[in-house]
Structure formats: C-alpha cells, structure tokens
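J.: Got a structure for you, upload.cif, holding mmCIF, C-alpha atoms and all ligand atoms.
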```cif
data_upload
loop_
_atom_site.label_atom_id
_atom_site.label_comp_id
_atom_site.auth_asym_id
_atom_site.auth_seq_id
_atom_site.Cartn_x
_atom_site.Cartn_y
_atom_site.Cartn_z
CA ASP A 1 47.51 34.55 -10.65
CA ASP A 2 44.80 33.24 -12.96
CA ALA A 3 46.69 30.08 -14.00
CA GLY A 4 47.30 29.30 -10.33
CA GLN A 5 43.63 29.85 -9.56
CA ALA A 6 42.58 27.56 -12.40
CA ALA A 7 44.94 24.84 -11.15
CA ALA A 8 43.60 25.22 -7.61
CA LEU A 9 40.02 24.94 -8.87
CA HIS A 10 40.94 21.78 -10.77
CA ARG A 11 42.51 20.21 -7.66
CA GLU A 12 39.47 21.10 -5.58
CA ARG A 13 37.13 19.50 -8.15
CA LEU A 14 39.25 16.38 -8.37
CA ALA A 15 39.20 15.97 -4.60
CA GLU A 16 35.41 15.64 -4.80
CA ALA A 17 35.19 13.54 -7.97
CA TYR A 18 33.96 9.96 -7.85
CA ARG A 19 33.32 7.02 -10.16
CA LEU A 20 30.48 4.63 -9.45
CA GLN A 21 30.18 1.39 -11.40
CA VAL A 22 27.32 -1.05 -11.05
CA SER A 23 27.85 -4.41 -12.73
CA GLY A 24 26.78 -8.04 -12.35
CA ASP A 25 29.70 -8.51 -9.94
CA GLY A 26 28.72 -5.75 -7.60
CA VAL A 27 29.29 -2.08 -7.07
CA VAL A 28 32.62 -0.25 -7.18
CA VAL A 29 33.06 3.31 -5.93
CA ARG A 30 36.40 4.94 -6.69
CA ALA A 31 37.72 8.35 -5.70
CA VAL A 32 41.06 9.99 -4.99
CA GLY A 33 40.10 10.88 -1.44
CA PRO A 34 37.46 10.90 1.27
CA ALA A 35 35.38 13.77 -0.13
CA GLY A 36 34.81 12.05 -3.47
CA LEU A 37 34.28 8.69 -1.82
CA ARG A 38 31.62 10.20 0.42
CA HIS A 39 29.77 11.65 -2.59
CA GLY A 40 29.95 8.31 -4.39
CA LEU A 41 28.48 6.53 -1.38
CA THR A 42 25.76 9.18 -1.04
CA VAL A 43 24.74 8.67 -4.65
CA LEU A 44 24.94 4.90 -4.23
CA GLY A 45 22.58 5.22 -1.26
CA LEU A 46 20.11 7.15 -3.43
CA LEU A 47 20.40 4.53 -6.19
CA ALA A 48 19.85 1.77 -3.67
CA THR A 49 16.58 3.35 -2.55
CA GLY A 50 15.29 2.94 -6.09
CA VAL A 51 16.38 6.04 -7.96
CA ASP A 52 17.66 5.24 -11.43
CA ALA A 53 18.82 1.79 -10.33
CA VAL A 54 20.20 0.44 -13.56
CA PRO A 55 22.60 -2.54 -13.51
CA GLY A 56 25.53 -1.80 -15.74
CA VAL A 57 25.43 1.90 -15.07
CA THR A 58 28.66 3.86 -14.66
CA VAL A 59 28.65 7.34 -13.19
CA VAL A 60 31.71 9.57 -13.53
CA ASP A 61 31.04 12.79 -11.73
CA ALA A 62 32.71 15.86 -10.25
CA PRO A 63 31.37 19.14 -8.99
CA ARG A 64 31.42 22.29 -11.02
CA TYR A 65 32.32 24.48 -8.02
CA PRO A 66 34.31 23.72 -4.87
CA TRP A 67 32.05 25.91 -2.65
CA ARG A 68 28.45 24.72 -2.56
CA GLY A 69 26.80 26.09 0.51
CA LEU A 70 23.83 27.04 2.56
CA SER A 71 23.81 30.05 4.86
CA VAL A 72 21.40 29.80 7.78
CA ASP A 73 20.40 32.76 9.96
CA VAL A 74 20.27 31.39 13.50
CA ALA A 75 20.33 34.92 14.95
CA ARG A 76 16.83 36.31 14.22
CA HIS A 77 15.46 33.03 15.59
CA PRO A 78 17.68 30.39 17.21
CA LEU A 79 18.03 26.87 15.83
CA PRO A 80 18.88 24.12 18.35
CA ALA A 81 21.99 22.01 17.66
CA ASP A 82 19.86 18.90 17.05
CA ASP A 83 18.11 20.71 14.22
CA VAL A 84 21.43 21.87 12.76
CA LEU A 85 22.44 18.19 12.66
CA VAL A 86 19.30 17.41 10.66
CA LEU A 87 20.15 20.19 8.20
CA LEU A 88 23.68 18.79 7.87
CA ASP A 89 22.15 15.49 6.72
CA VAL A 90 20.04 17.32 4.14
CA LEU A 91 23.14 19.13 2.87
CA ALA A 92 25.18 15.93 2.66
CA ASP A 93 22.49 14.19 0.57
CA LEU A 94 22.52 17.13 -1.84
CA ARG A 95 26.34 17.04 -1.92
CA LEU A 96 26.53 20.54 -0.53
CA ASN A 97 29.80 21.02 1.32
CA VAL A 98 29.57 24.29 3.27
CA LEU A 99 27.27 25.29 6.14
CA HIS A 100 27.55 29.00 6.88
CA LEU A 101 25.95 29.97 10.19
CA HIS A 102 24.93 33.61 10.68
CA LEU A 103 25.46 33.56 14.44
CA THR A 104 24.95 37.17 15.46
CA ASP A 105 22.67 40.02 14.53
CA ASP A 106 20.71 42.85 16.10
CA GLN A 107 18.22 40.46 17.69
CA GLY A 108 20.50 37.87 19.29
CA TRP A 109 23.99 36.46 19.91
CA ARG A 110 23.95 32.69 19.49
CA LEU A 111 27.41 31.36 20.41
CA ASP A 112 28.97 31.50 23.84
CA LEU A 113 32.52 32.87 23.48
CA PRO A 114 35.05 32.39 26.29
CA SER A 115 36.54 35.89 26.00
CA ARG A 116 33.15 37.68 26.23
CA PRO A 117 30.67 35.50 28.15
CA GLU A 118 28.37 38.55 28.47
CA LEU A 119 27.49 38.28 24.77
CA ALA A 120 25.52 35.03 25.05
CA ALA A 121 24.51 35.59 28.67
CA ARG A 122 22.90 38.98 28.01
CA SER A 123 21.95 38.74 24.32
CA GLY A 124 21.43 35.02 23.74
CA GLY A 125 17.94 34.92 25.17
CA THR A 126 16.22 37.32 22.76
CA ALA A 127 14.73 36.78 19.29
CA VAL A 128 12.49 38.46 16.73
CA GLY A 129 8.97 39.18 17.91
CA GLY A 130 9.86 38.61 21.56
CA ASP A 131 10.15 34.86 20.87
CA THR A 132 12.32 32.67 23.06
CA GLY A 133 16.02 32.86 22.25
CA GLY A 134 18.79 30.40 22.86
CA TRP A 135 22.45 29.93 22.10
CA TYR A 136 25.09 27.26 21.56
CA ASP A 137 27.19 26.56 24.63
CA GLY A 138 30.56 24.85 24.19
CA ALA A 139 29.05 21.36 24.23
CA ALA A 140 26.35 22.17 21.67
CA TRP A 141 28.87 23.83 19.36
CA SER A 142 31.21 20.80 19.63
CA ARG A 143 28.37 18.54 18.50
CA ILE A 144 27.82 20.73 15.44
CA VAL A 145 31.55 20.81 14.69
CA GLU A 146 31.85 17.03 14.97
CA ALA A 147 28.75 16.32 12.91
CA ALA A 148 29.88 18.66 10.14
CA GLY A 149 33.32 17.07 10.11
CA ALA A 150 31.87 13.57 9.93
CA ARG A 151 29.80 14.56 6.88
CA GLY A 152 32.67 16.37 5.11
CA ILE A 153 30.89 19.71 5.43
CA ALA A 154 32.95 22.82 6.16
CA LEU A 155 31.57 25.19 8.77
CA VAL A 156 31.82 28.90 8.09
CA PRO A 157 30.77 30.77 11.23
CA GLU A 158 29.77 34.42 10.82
CA VAL A 159 30.00 37.20 13.35
CA ASP A 160 28.42 40.14 11.55
CA VAL A 161 30.27 43.48 11.95
CA PRO A 162 30.43 46.46 11.81
CA GLY A 163 26.64 46.67 11.42
CA HIS A 164 23.95 44.27 12.65
CA VAL A 165 25.50 44.54 16.13
CA ASN A 166 22.70 45.63 18.45
CA ALA A 167 22.95 42.35 20.42
CA ALA A 168 26.68 42.99 20.98
CA LEU A 169 26.11 46.63 22.03
CA HIS A 170 23.33 45.53 24.38
CA ALA A 171 25.69 43.05 26.06
CA LEU A 172 28.85 45.20 25.98
CA PRO A 173 28.04 48.90 26.52
CA GLU A 174 31.74 49.80 26.19
CA LEU A 175 31.21 49.32 22.44
CA THR A 176 28.94 52.42 22.35
CA PRO A 177 30.22 56.04 22.39
CA ASP A 178 28.16 57.00 25.45
CA GLY A 179 28.78 53.73 27.28
CA VAL A 180 25.05 53.12 27.60
CA ALA A 181 23.67 49.75 26.52
CA PRO A 182 20.84 50.05 23.97
CA PRO A 183 17.74 47.98 24.71
CA ALA A 184 17.37 44.53 23.19
CA TYR A 185 15.89 44.69 19.67
CA THR A 186 13.14 42.34 18.51
CA GLY A 187 11.99 44.00 15.27
CA ILE A 188 13.18 43.19 11.75
CA ASP A 189 14.61 46.48 10.52
CA VAL A 190 18.22 46.47 9.30
CA GLY A 191 21.08 48.93 9.08
CA PHE A 192 20.67 50.96 12.27
CA SER A 193 23.31 49.53 14.62
CA ARG A 194 27.06 49.97 14.32
CA LEU A 195 30.45 49.62 15.91
CA THR A 196 32.53 52.78 16.36
CA ALA A 197 36.11 52.77 15.09
CA ASP A 198 37.60 55.18 17.62
CA LEU A 199 36.55 53.50 20.86
CA PRO A 200 39.23 51.69 22.89
CA ALA A 201 37.02 48.60 23.27
CA THR A 202 36.36 48.06 19.56
CA GLU A 203 39.59 46.49 18.31
CA PRO A 204 40.05 44.18 21.31
CA PHE A 205 36.44 43.04 20.81
CA LEU A 206 37.12 42.16 17.18
CA ARG A 207 40.44 40.48 17.94
CA ASP A 208 39.09 38.37 20.80
CA VAL A 209 35.81 37.40 19.15
CA PHE A 210 37.40 36.15 15.93
CA ALA A 211 40.18 34.42 17.89
CA ASP A 212 37.52 32.61 19.95
CA LEU A 213 35.63 31.68 16.81
CA ALA A 214 38.77 30.21 15.22
CA ARG A 215 39.66 28.27 18.37
CA LEU A 216 36.17 26.78 18.60
CA THR A 217 35.71 25.99 14.90
CA PRO A 218 38.11 24.02 12.70
CA GLY A 219 38.20 25.16 9.09
CA THR A 220 39.69 27.57 6.62
CA HIS A 221 37.36 30.60 6.59
CA LEU A 222 35.65 32.99 8.99
CA HIS A 223 32.82 35.28 7.87
CA LEU A 224 32.90 38.85 9.17
CA GLY A 225 29.57 40.01 7.73
CA GLY A 226 30.03 43.57 6.52
CA ASP A 227 26.52 44.05 5.11
CA GLU A 228 24.02 46.88 5.31
CA VAL A 229 25.78 49.49 7.39
CA LEU A 230 23.60 52.47 6.65
CA THR A 231 24.80 54.92 9.31
CA MET A 232 28.55 55.20 8.70
CA ASP A 233 30.78 57.05 6.27
CA ARG A 234 32.90 54.99 3.89
CA GLU A 235 36.19 55.83 5.59
CA GLU A 236 35.08 54.47 8.98
CA TYR A 237 33.44 51.45 7.33
CA VAL A 238 36.68 50.57 5.55
CA ARG A 239 38.68 50.97 8.77
CA LEU A 240 36.34 48.69 10.68
CA VAL A 241 36.21 46.05 7.95
CA ARG A 242 40.01 46.11 7.79
CA ALA A 243 40.23 45.76 11.59
CA ALA A 244 37.87 42.77 11.44
CA ALA A 245 39.80 41.28 8.51
CA ASP A 246 43.07 41.73 10.44
CA ALA A 247 41.49 39.90 13.37
CA VAL A 248 40.41 37.04 11.09
CA GLU A 249 43.75 36.86 9.31
CA ALA A 250 45.64 36.85 12.63
CA THR A 251 44.01 33.44 13.23
CA GLY A 252 45.38 32.10 9.94
CA ARG A 253 41.93 31.93 8.36
CA ALA A 254 40.74 33.58 5.16
CA VAL A 255 38.06 36.27 5.22
CA VAL A 256 34.56 35.90 3.86
CA GLY A 257 32.34 38.98 3.73
CA TRP A 258 29.11 40.15 2.12
CA GLN A 259 29.60 42.10 -1.11
CA GLU A 260 29.89 45.49 0.62
CA VAL A 261 33.36 44.49 1.91
CA ALA A 262 34.64 44.75 -1.67
CA THR A 263 34.93 48.53 -0.99
CA ALA A 264 37.74 47.75 1.50
CA PRO A 265 41.23 46.46 0.63
CA LEU A 266 41.17 42.66 0.88
CA ALA A 267 43.92 40.06 0.96
CA PRO A 268 44.12 37.79 -2.11
CA GLY A 269 42.05 34.68 -1.51
CA SER A 270 39.39 36.55 0.47
CA VAL A 271 35.86 35.57 -0.48
CA VAL A 272 33.29 38.22 -1.40
CA GLN A 273 29.70 37.02 -1.24
CA LEU A 274 27.34 38.65 -3.73
CA TRP A 275 23.75 38.98 -2.50
CA ASP A 276 22.15 42.27 -3.58
CA GLU A 277 21.68 42.40 -7.36
CA ARG A 278 20.27 45.92 -7.06
CA GLU A 279 23.80 47.20 -6.38
CA ASP A 280 26.40 48.00 -9.03
CA PRO A 281 28.87 45.07 -9.13
CA GLY A 282 31.83 47.36 -9.91
CA HIS A 283 33.57 47.00 -6.54
CA LEU A 284 33.03 43.25 -6.58
CA ILE A 285 34.54 42.87 -10.03
CA ALA A 286 37.49 45.07 -9.07
CA ALA A 287 38.10 43.04 -5.90
CA ALA A 288 38.04 39.83 -7.96
CA THR A 289 40.58 41.33 -10.34
CA ARG A 290 42.83 41.95 -7.32
CA GLY A 291 42.60 38.31 -6.21
CA ALA A 292 39.34 37.91 -4.28
CA ARG A 293 37.10 34.94 -5.05
CA VAL A 294 33.40 35.52 -5.59
CA LEU A 295 30.67 33.49 -3.93
CA LEU A 296 27.28 33.84 -5.60
CA SER A 297 24.16 34.23 -3.46
CA PRO A 298 21.90 36.29 -5.73
CA GLY A 299 18.86 37.29 -3.69
CA SER A 300 16.37 36.83 -6.50
CA ARG A 301 17.51 33.22 -7.09
CA VAL A 302 18.84 31.67 -3.91
CA TYR A 303 17.47 33.67 -0.96
CA LEU A 304 15.22 30.84 0.05
CA ASP A 305 13.48 32.98 2.66
CA MET A 306 11.72 34.61 -0.31
CA LYS A 307 8.19 33.31 -0.74
CA TYR A 308 7.52 30.78 -3.52
CA ASP A 309 4.52 32.86 -4.57
CA ALA A 310 1.98 35.27 -3.09
CA ALA A 311 0.22 32.41 -1.28
CA THR A 312 3.30 31.26 0.67
CA GLU A 313 2.61 31.69 4.36
CA LEU A 314 6.16 32.37 5.60
CA GLY A 315 9.02 34.36 4.16
CA LEU A 316 9.81 37.80 2.79
CA GLU A 317 9.40 39.34 -0.66
CA TRP A 318 12.01 42.08 -1.07
CA ALA A 319 13.92 40.14 -3.75
CA GLY A 320 10.71 38.89 -5.39
CA HIS A 321 9.03 35.52 -5.37
CA ILE A 322 11.16 32.45 -6.06
CA PRO A 323 9.12 29.62 -7.55
CA LEU A 324 11.19 26.45 -8.08
CA PRO A 325 12.27 27.19 -11.68
CA ARG A 326 13.73 30.58 -10.67
CA ALA A 327 16.08 28.87 -8.25
CA TYR A 328 17.23 26.51 -11.00
CA GLU A 329 17.20 28.25 -14.34
CA TRP A 330 20.15 30.60 -14.00
CA ASP A 331 23.81 30.34 -14.85
CA PRO A 332 26.54 31.38 -12.41
CA VAL A 333 28.78 32.19 -15.39
CA THR A 334 26.53 34.90 -16.83
CA LEU A 335 24.95 36.23 -13.63
CA VAL A 336 27.33 39.17 -13.20
CA PRO A 337 28.19 40.83 -16.52
CA GLY A 338 31.88 41.71 -16.56
CA LEU A 339 32.91 39.21 -13.89
CA ASP A 340 35.49 36.70 -15.11
CA PRO A 341 33.88 33.27 -14.49
CA GLN A 342 37.26 32.02 -13.27
CA HIS A 343 36.85 34.19 -10.19
CA VAL A 344 33.66 32.43 -9.08
CA VAL A 345 34.35 30.00 -6.24
CA GLY A 346 30.82 28.75 -5.91
CA VAL A 347 27.17 29.18 -5.07
CA GLU A 348 25.57 29.53 -1.66
CA ALA A 349 21.85 29.54 -0.90
CA ALA A 350 20.71 31.56 2.11
CA ILE A 351 17.79 31.49 4.47
CA TRP A 352 17.04 34.30 6.90
CA SER A 353 14.87 33.68 9.91
CA GLU A 354 12.81 36.82 10.43
CA THR A 355 9.62 34.82 9.75
CA THR A 356 10.72 31.26 10.55
CA ARG A 357 10.64 29.92 14.10
CA SER A 358 11.41 26.21 13.74
CA LEU A 359 13.19 23.60 11.66
CA ALA A 360 9.87 22.77 9.97
CA ASP A 361 9.44 26.44 9.01
CA LEU A 362 12.96 26.47 7.54
CA THR A 363 12.63 23.25 5.58
CA SER A 364 9.23 24.25 4.17
CA LEU A 365 11.06 27.10 2.45
CA LEU A 366 14.31 25.25 1.72
CA LEU A 367 12.83 22.11 0.21
CA PRO A 368 12.64 21.53 -2.68
CA ARG A 369 14.42 24.75 -3.81
CA LEU A 370 17.69 23.91 -2.06
CA ALA A 371 18.00 20.77 -4.21
CA ALA A 372 17.70 22.95 -7.32
CA VAL A 373 20.40 25.35 -6.11
CA ALA A 374 22.62 22.37 -5.23
CA GLU A 375 22.40 21.25 -8.86
CA VAL A 376 23.24 24.72 -10.13
CA ALA A 377 26.38 24.57 -7.98
CA TRP A 378 27.29 20.99 -8.91
CA THR A 379 26.36 20.63 -12.58
CA ALA A 380 27.47 22.68 -15.57
CA GLN A 381 24.71 24.63 -17.31
CA GLY A 382 24.81 22.75 -20.61
CA SER A 383 24.13 19.39 -19.00
CA ARG A 384 21.11 20.53 -17.01
CA ARG A 385 17.51 20.26 -18.17
CA ASP A 386 14.59 22.57 -17.64
CA VAL A 387 12.54 22.10 -14.54
CA GLY A 388 9.27 22.72 -16.36
CA GLY A 389 8.92 19.40 -18.21
CA THR A 390 7.03 16.40 -16.96
CA ALA A 391 8.74 13.15 -16.03
CA THR A 392 8.14 11.63 -19.45
CA GLU A 393 9.38 14.65 -21.37
CA ASP A 394 12.36 14.95 -19.10
CA PRO A 395 13.50 11.45 -18.08
CA LEU A 396 16.86 12.60 -16.68
CA GLY A 397 15.74 15.98 -15.43
CA LEU A 398 15.55 17.60 -12.06
CA THR A 399 11.88 16.84 -11.53
CA ARG A 400 12.44 13.10 -11.27
CA ARG A 401 15.37 13.48 -8.94
CA LEU A 402 13.33 15.85 -6.79
CA ALA A 403 10.55 13.31 -6.44
CA ALA A 404 13.14 10.78 -5.29
CA PHE A 405 14.68 13.23 -2.83
CA ALA A 406 11.22 13.88 -1.44
CA ARG A 407 11.10 10.24 -0.30
CA THR A 408 14.26 10.86 1.75
CA TRP A 409 12.74 14.05 3.20
CA ASP A 410 9.59 12.12 4.10
CA ALA A 411 11.67 9.38 5.68
CA ALA A 412 13.43 12.01 7.79
CA GLY A 413 10.10 13.55 8.78
CA LEU A 414 10.92 16.89 7.16
CA ARG A 415 8.31 19.39 6.08
CA TRP A 416 8.66 20.37 2.40
CA THR A 417 6.55 22.17 -0.18
CA ARG A 418 4.69 20.46 -3.05
CA THR A 419 5.66 22.91 -5.74
CA PRO A 420 3.79 22.66 -9.05
CA GLY A 421 5.41 21.03 -12.11
CA VAL A 422 6.98 18.10 -10.27
CA PRO A 423 5.54 14.55 -10.33
CA TRP A 424 5.74 14.19 -6.57
C1 LIG B 501 19.23 41.06 3.68
S1 LIG B 501 21.58 39.42 2.99
C2 LIG B 501 20.11 40.90 4.72
C3 LIG B 501 19.65 40.27 5.98
C4 LIG B 501 18.17 39.99 5.96
C5 LIG B 501 17.78 39.45 4.61
C6 LIG B 501 16.35 39.04 4.52
C7 LIG B 501 22.23 40.37 3.86
C8 LIG B 501 23.65 40.38 3.73
N1 LIG B 501 21.46 41.14 4.64
O1 LIG B 501 19.98 41.08 7.08
O2 LIG B 501 17.90 39.06 6.95
O3 LIG B 501 18.04 40.40 3.62
O4 LIG B 501 16.06 38.44 3.31
#
```
Translate this file's structure into structure tokens.

T.:
Amino acid sequence: DDAGQAAALHRERLAEAYRLQVSGDGVVVRAVGPAGLRHGLTVLGLLATGVDAVPGVTVVDAPRYPWRGLSVDVARHPLPADDVLVLLDVLADLRLNVLHLHLTDDQGWRLDLPSRPELAARSGGTAVGGDTGGWYDGAAWSRIVEAAGARGIALVPEVDVPGHVNAALHALPELTPDGVAPPAYTGIDVGFSRLTADLPATEPFLRDVFADLARLTPGTHLHLGGDEVLTMDREEYVRLVRAAADAVEATGRAVVGWQEVATAPLAPGSVVQLWDEREDPGHLIAAATRGARVLLSPGSRVYLDMKYDAATELGLEWAGHIPLPRAYEWDPVTLVPGLDPQHVVGVEAAIWSETTRSLADLTSLLLPRLAAVAEVAWTAQGSRRDVGGTATEDPLGLTRRLAAFARTWDAAGLRWTRTPGVPW
C-alpha cells in the first residue's frame, strides 16, 4: 500500500544518508550503514581535492531517490570489462547506485550463459556496422560483479525480449517458426525481430536464460526489456512478457521492463521504466496504481546518446538535442501528469551505442550531462540552482561542481565535452 511504500522509500533514503563534519579536530563521517558511509567518503574525497574545502563545514545529506542509475547499451557495440570498471568509478563519484547493462539486442549477444553457449559463441562476435564484437565470459563478468559490489553499485542485467532478439534467433534457430536462423544483423533499425509464443523452445529459453542471469549476477532485479515490438499483436506480446516475468520471478528477483510492459499484468514491486514521452502514459499510470514502481528515463532529458546540438559528432537525434541545461532543468515529480510522485522509484540515464564504438565515445556524450542527471536524482528540485548562471552568480550551483568533477575526469584520462555556460 501507499503508506508501506512511503516507509520503504524512507528506509532506502536513510540507508544512503551521511553526515560529514569538518572541524579543527579533524573530519567525522557518520552514517547508519555502508552505503551512506561510502557516499560520505566520496564527498570527503572531492572536498579534499579542493572543492568547497571549508573548515567548520557540516554536510547532512541523503538522496531524493533510492534508484539513481545509468543504462549502458553494450549490445550494439561491445564494451570491454575494463571499461565497465572505469564507468563504475564515474558512477560512484556521482553517487549513482545502479548500473543497468543492456546485454542483448539484434546486433549482438554479450554475455556467455552456461545453458545456451551458442548465444555468445554465434552472436557475440557481431556489432553495428560490421565492427568487431565481443562478449563477457564468466571471468570478465565476475570482475564486473565484484567491482560493482565493492563500489556499492547494484547491477541490473537486461536480456531484451520479446523483441530486439535477432542475435538470439541467429544463434538458436529453434526460436524461429521455420527453424531457419536469420542472418546476423548489423544495421540500426528497431522493432523487426521477435520471439514466437507458441514454439516449444520459447519458454525453456526464457526460463534458462533468466535463471543463468540470476545465478551469475547478485542483486534484486532483472530487466526483461519489452520495448519496441512492432510485429506482434497485443495478446501474444502480453503472453510473452508474462512468460519472461514468470522466468524472472522464479529466480526470486523483481522484474524491470521498459514502459511497454505496463500493458501486461505485473506483480506489485515490478519496475516500469519510462522512456518514450511520445506515448500516452495511461498504462504506466495504471500499472503504478496497481503497485508497480516507475523509473524515469525520459528520452528528451536523459537519453545521453542524443546529440548536445547539431554540431555534435556522435549520437542520435530522435528525441531532440540535449544541451546540458535540458538534462538538468526538469523535475521528476511533474514529468508525467497524473502519476502519483510516490510511485517514482528513481531516475536512470541511458546511453545507446549505435554510434559509439569506445569508452571515449561514450564518455564524450555522458560527461558532463550524467553529472546533471545524477543531481536531478539525488537533490530535491527546490534546492537546485539553474545551470545557466556563471560561477559568481551561482556560487553553490551545478556549474562549479561540474568544473571540479572535470578535474577528476581529467585525472582519470576520460574524454568529456566542454559544454558552454560552465567555467571549466
Ligand atoms: C530507443 S529506449 C530504443 C533503443 C535505441 C534507442 C536509441 C528503448 C527502450 N529502445 O533500441 O537504441 O532508442 O536512442
């Protein structure tokens, strides 16, 4: 119920709260548990490198939302485990606590699963544009799992069904009605591939794949995709989403799905991820009323694969351009008219890799906008300042913090974009 949800949200915020006190005697960081302590130490580290270092300062701080994430598409182009570890450090500094990995799509299958080794073996090597593929073997995945755990970041692995499955069909022809494997796909169209509900191989595939994913990945949630299935009637879509959700729930995990899954019956506590603001939010609001939690990834604000402006070399434009202020100057509470703000679990930025081929490509789009989204997720609207002001007009504003973060990105050797309006 709503009171229960409010209490749960409060507990989750408290777990991440911290108090940081700098005095003549030294520095004291207090928290009720490891998550808050970690945030306090992260902020202390930033203070110690010269940001706002004021003796006598006391910071009492807690996040607005318990889910503050980044979704990374490692399917269109692969991202080596070493580079994922670098991203985990970026997330930790921004006090983001979820890394969602989009592991499968039409163009590639990026995680070796014990029950279906053909998936990575036959569809791991491809990528958009005929570029070199790659996938995580057990050892690489363990490194990601351990690194995320050490930084207090939850991993949410996604296997996208029932659409976006050409790589799976290519590897496992029994998933197609005629039993013939389609060719590998290296373009960037969406919506054309699909599972088929009535085939004997379909349910075992779902059951085994999500069971493997749960065995390999500690955590509380598994993402089943659910987006952009353009070649299926609603009845079959709902059956397939339910079959995938059953497979997830059989592992004891909660379901996450893109907003389209709100048209299927969902267990309370499932997470519905909004992305396409062009669609009517009616199903999403109804699902929230029935107990789903809503994760906000509005394309026009936090799809960080959108270009900054017309001159940006990489990226797409379908949700518009996202200059830095657009990523910052929006309020999760008012984004979806008619959605009870209590049902919002958090904010997740996303980056899709149709046009990006390396960590440097990704970070040139992510940074600095990811820092802005992280503040939207952490800080309540009323206590934020506009991004447009200069450092002197806006002494506590985002622009100054961004300039300080840029030093940490430089120190890590990361490529980032000198957006206008910031005293870099
Ligand atoms: C929409 S977001 C998609 C992805 C694309 C992305 C590109 C979503 C659930 N589907 O398949 O990669 O746009 O911005």

J.: Within 12 Å of region 196-204 of chain A, counting all atoms listed in the file, which residues qualify if same-chain residues fewer than 6 places away don't, as a PyMOL selection string?

T.: chain A and resi 115-116+161-163+165+168-169+172-179+210-212+229+231-248

J.: Find the residue from A:Leu91, A:Val422, A:Val190, A:Leu366 that sits nearest to ligand LIG 501 (chain B); use only C-alpha atoms and all ligand atoms when measuring.

T.: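 For ligand LIG 501 (chain B), the nearest of the given residues is A:Val190.
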
J.: Where does chain A meet ligand LIG 501 (chain B) within 6 Å, residue by residue, with the nearest atom pair and distance in Å to one decimal for each, counting all atoms listed in the file, listed by chain and rising number, as CSV?

T.:
```
residue,atom,partner,partner_atom,distance
A:Asp227,CA,B:LIG501,C8,4.9
A:Trp258,CA,B:LIG501,C8,5.7
A:Trp275,CA,B:LIG501,S1,5.9
A:Trp352,CA,B:LIG501,O2,4.8
```

J.: Counting all atoms listed in the file, which of A:Ala120, A:Leu155, A:Leu365, A:Val86 gets nearest to Ala171 (chain A)?

T.: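 Among the listed residues, A:Ala120 lies closest to Ala171 (chain A).
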
J.: For Leu46 (chain A), which residue out of A:Val128, A:Ala403, A:Ala17, A:Ala6 is the nearest one, using all atoms listed in the file?

T.: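 With all atoms listed in the file as the atom set, the closest residue is A:Ala403.
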
J.: Given all atoms listed in the file as the basis, pick out the residue of A:Glu329, A:Glu118, A:Val271, A:Asp106 nearest to Ser193 (chain A).

T.: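 Using all atoms listed in the file, the shortest distance to Ser193 (chain A) belongs to A:Asp106.
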
J.: Between A:Asp305, A:Arg253, A:Pro218, A:Thr417, which is the closest to Glu354 (chain A) once you count all atoms listed in the file?

T.: A:Asp305

J.: Nearest to Leu222 (chain A) among A:Ala127, A:Ala292, A:Leu119, A:Leu101, with distances taken over only C-alpha atoms: which residue is it?

T.: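 Of A:Ala127, A:Ala292, A:Leu119, A:Leu101, the one nearest Leu222 (chain A), counting only C-alpha atoms, is A:Leu101.
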
J.: If I take CA of Ser123 (chain A) and CA of Gln107 (chain A), how far is one from the other in Å, to one decimal?

T.: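 Separating CA of Ser123 (chain A) from CA of Gln107 (chain A) is a distance of 7.8 Å.
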
J.: Counting all atoms listed in the file, which residues have an atom no more than 9 Å from (37.8, 23.2, 7.6) in the file's coordinates? Please list them as a PyMOL selection string.

T.: chain A and resi 149+152-156+217-221

J.: For CA of Leu414 (chain A) and CA of Pro325 (chain A), quote the distance in Å rounded to one decimal.

T.: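 The value is 21.5 Å.
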
J.: If you count all atoms listed in the file, which residues fall within 9 Å of region 310-322 of chain A, apart from same-chain ones fewer than 6 positions away, as a list in words?

T.: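 Listing them by chain and then by number gives Asp276, Glu277, Gly299, Ser300, Arg301, Val302, Tyr303, Leu304, Trp352, Ser353, Glu354, Thr355, Thr356, Asp361, Ser364, Leu365 and Arg369 of chain A.
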
J.: Compile the contact shell of Arg38 (chain A) as a ChimeraX atom specification: residues with an atom at most 9 Å away, counting all atoms listed in the file, same-chain residues fewer than 6 positions apart removed.

T.: /A:16,18,31,92,95,151-152

J.: Using Å and a single decimal, report how far CA of Trp378 (chain A) sits from CA of Pro63 (chain A).

T.: 4.5 Å

J.: Show which residues sit within 7 Å of His102 (chain A), as a PyMOL selection string. Count only C-alpha atoms, and ignore same-chain residues fewer than 2 positions away.

T.: chain A and resi 71-75+100+104+157-159

J.: If I only want region 309-322 of chain A, can you write it with C-alpha atoms, as an mmCIF file, in the first residue's frame?

T.:
```
data_model
loop_
_atom_site.group_PDB
_atom_site.id
_atom_site.type_symbol
_atom_site.label_atom_id
_atom_site.label_comp_id
_atom_site.auth_asym_id
_atom_site.auth_seq_id
_atom_site.Cartn_x
_atom_site.Cartn_y
_atom_site.Cartn_z
ATOM 1 C CA ASP A 309 23.494 20.151 -30.501
ATOM 2 C CA ALA A 310 23.604 19.940 -34.290
ATOM 3 C CA ALA A 311 27.416 20.098 -34.251
ATOM 4 C CA THR A 312 27.887 17.020 -32.033
ATOM 5 C CA GLU A 313 29.771 14.399 -33.999
ATOM 6 C CA LEU A 314 28.324 11.236 -32.400
ATOM 7 C CA GLY A 315 24.853 10.338 -31.251
ATOM 8 C CA LEU A 316 21.268 10.263 -32.474
ATOM 9 C CA GLU A 317 18.551 12.926 -32.615
ATOM 10 C CA TRP A 318 15.169 11.197 -32.455
ATOM 11 C CA ALA A 319 14.374 12.624 -29.003
ATOM 12 C CA GLY A 320 15.884 16.022 -29.864
ATOM 13 C CA HIS A 321 19.120 17.656 -28.851
ATOM 14 C CA ILE A 322 20.075 17.617 -25.164
#
```
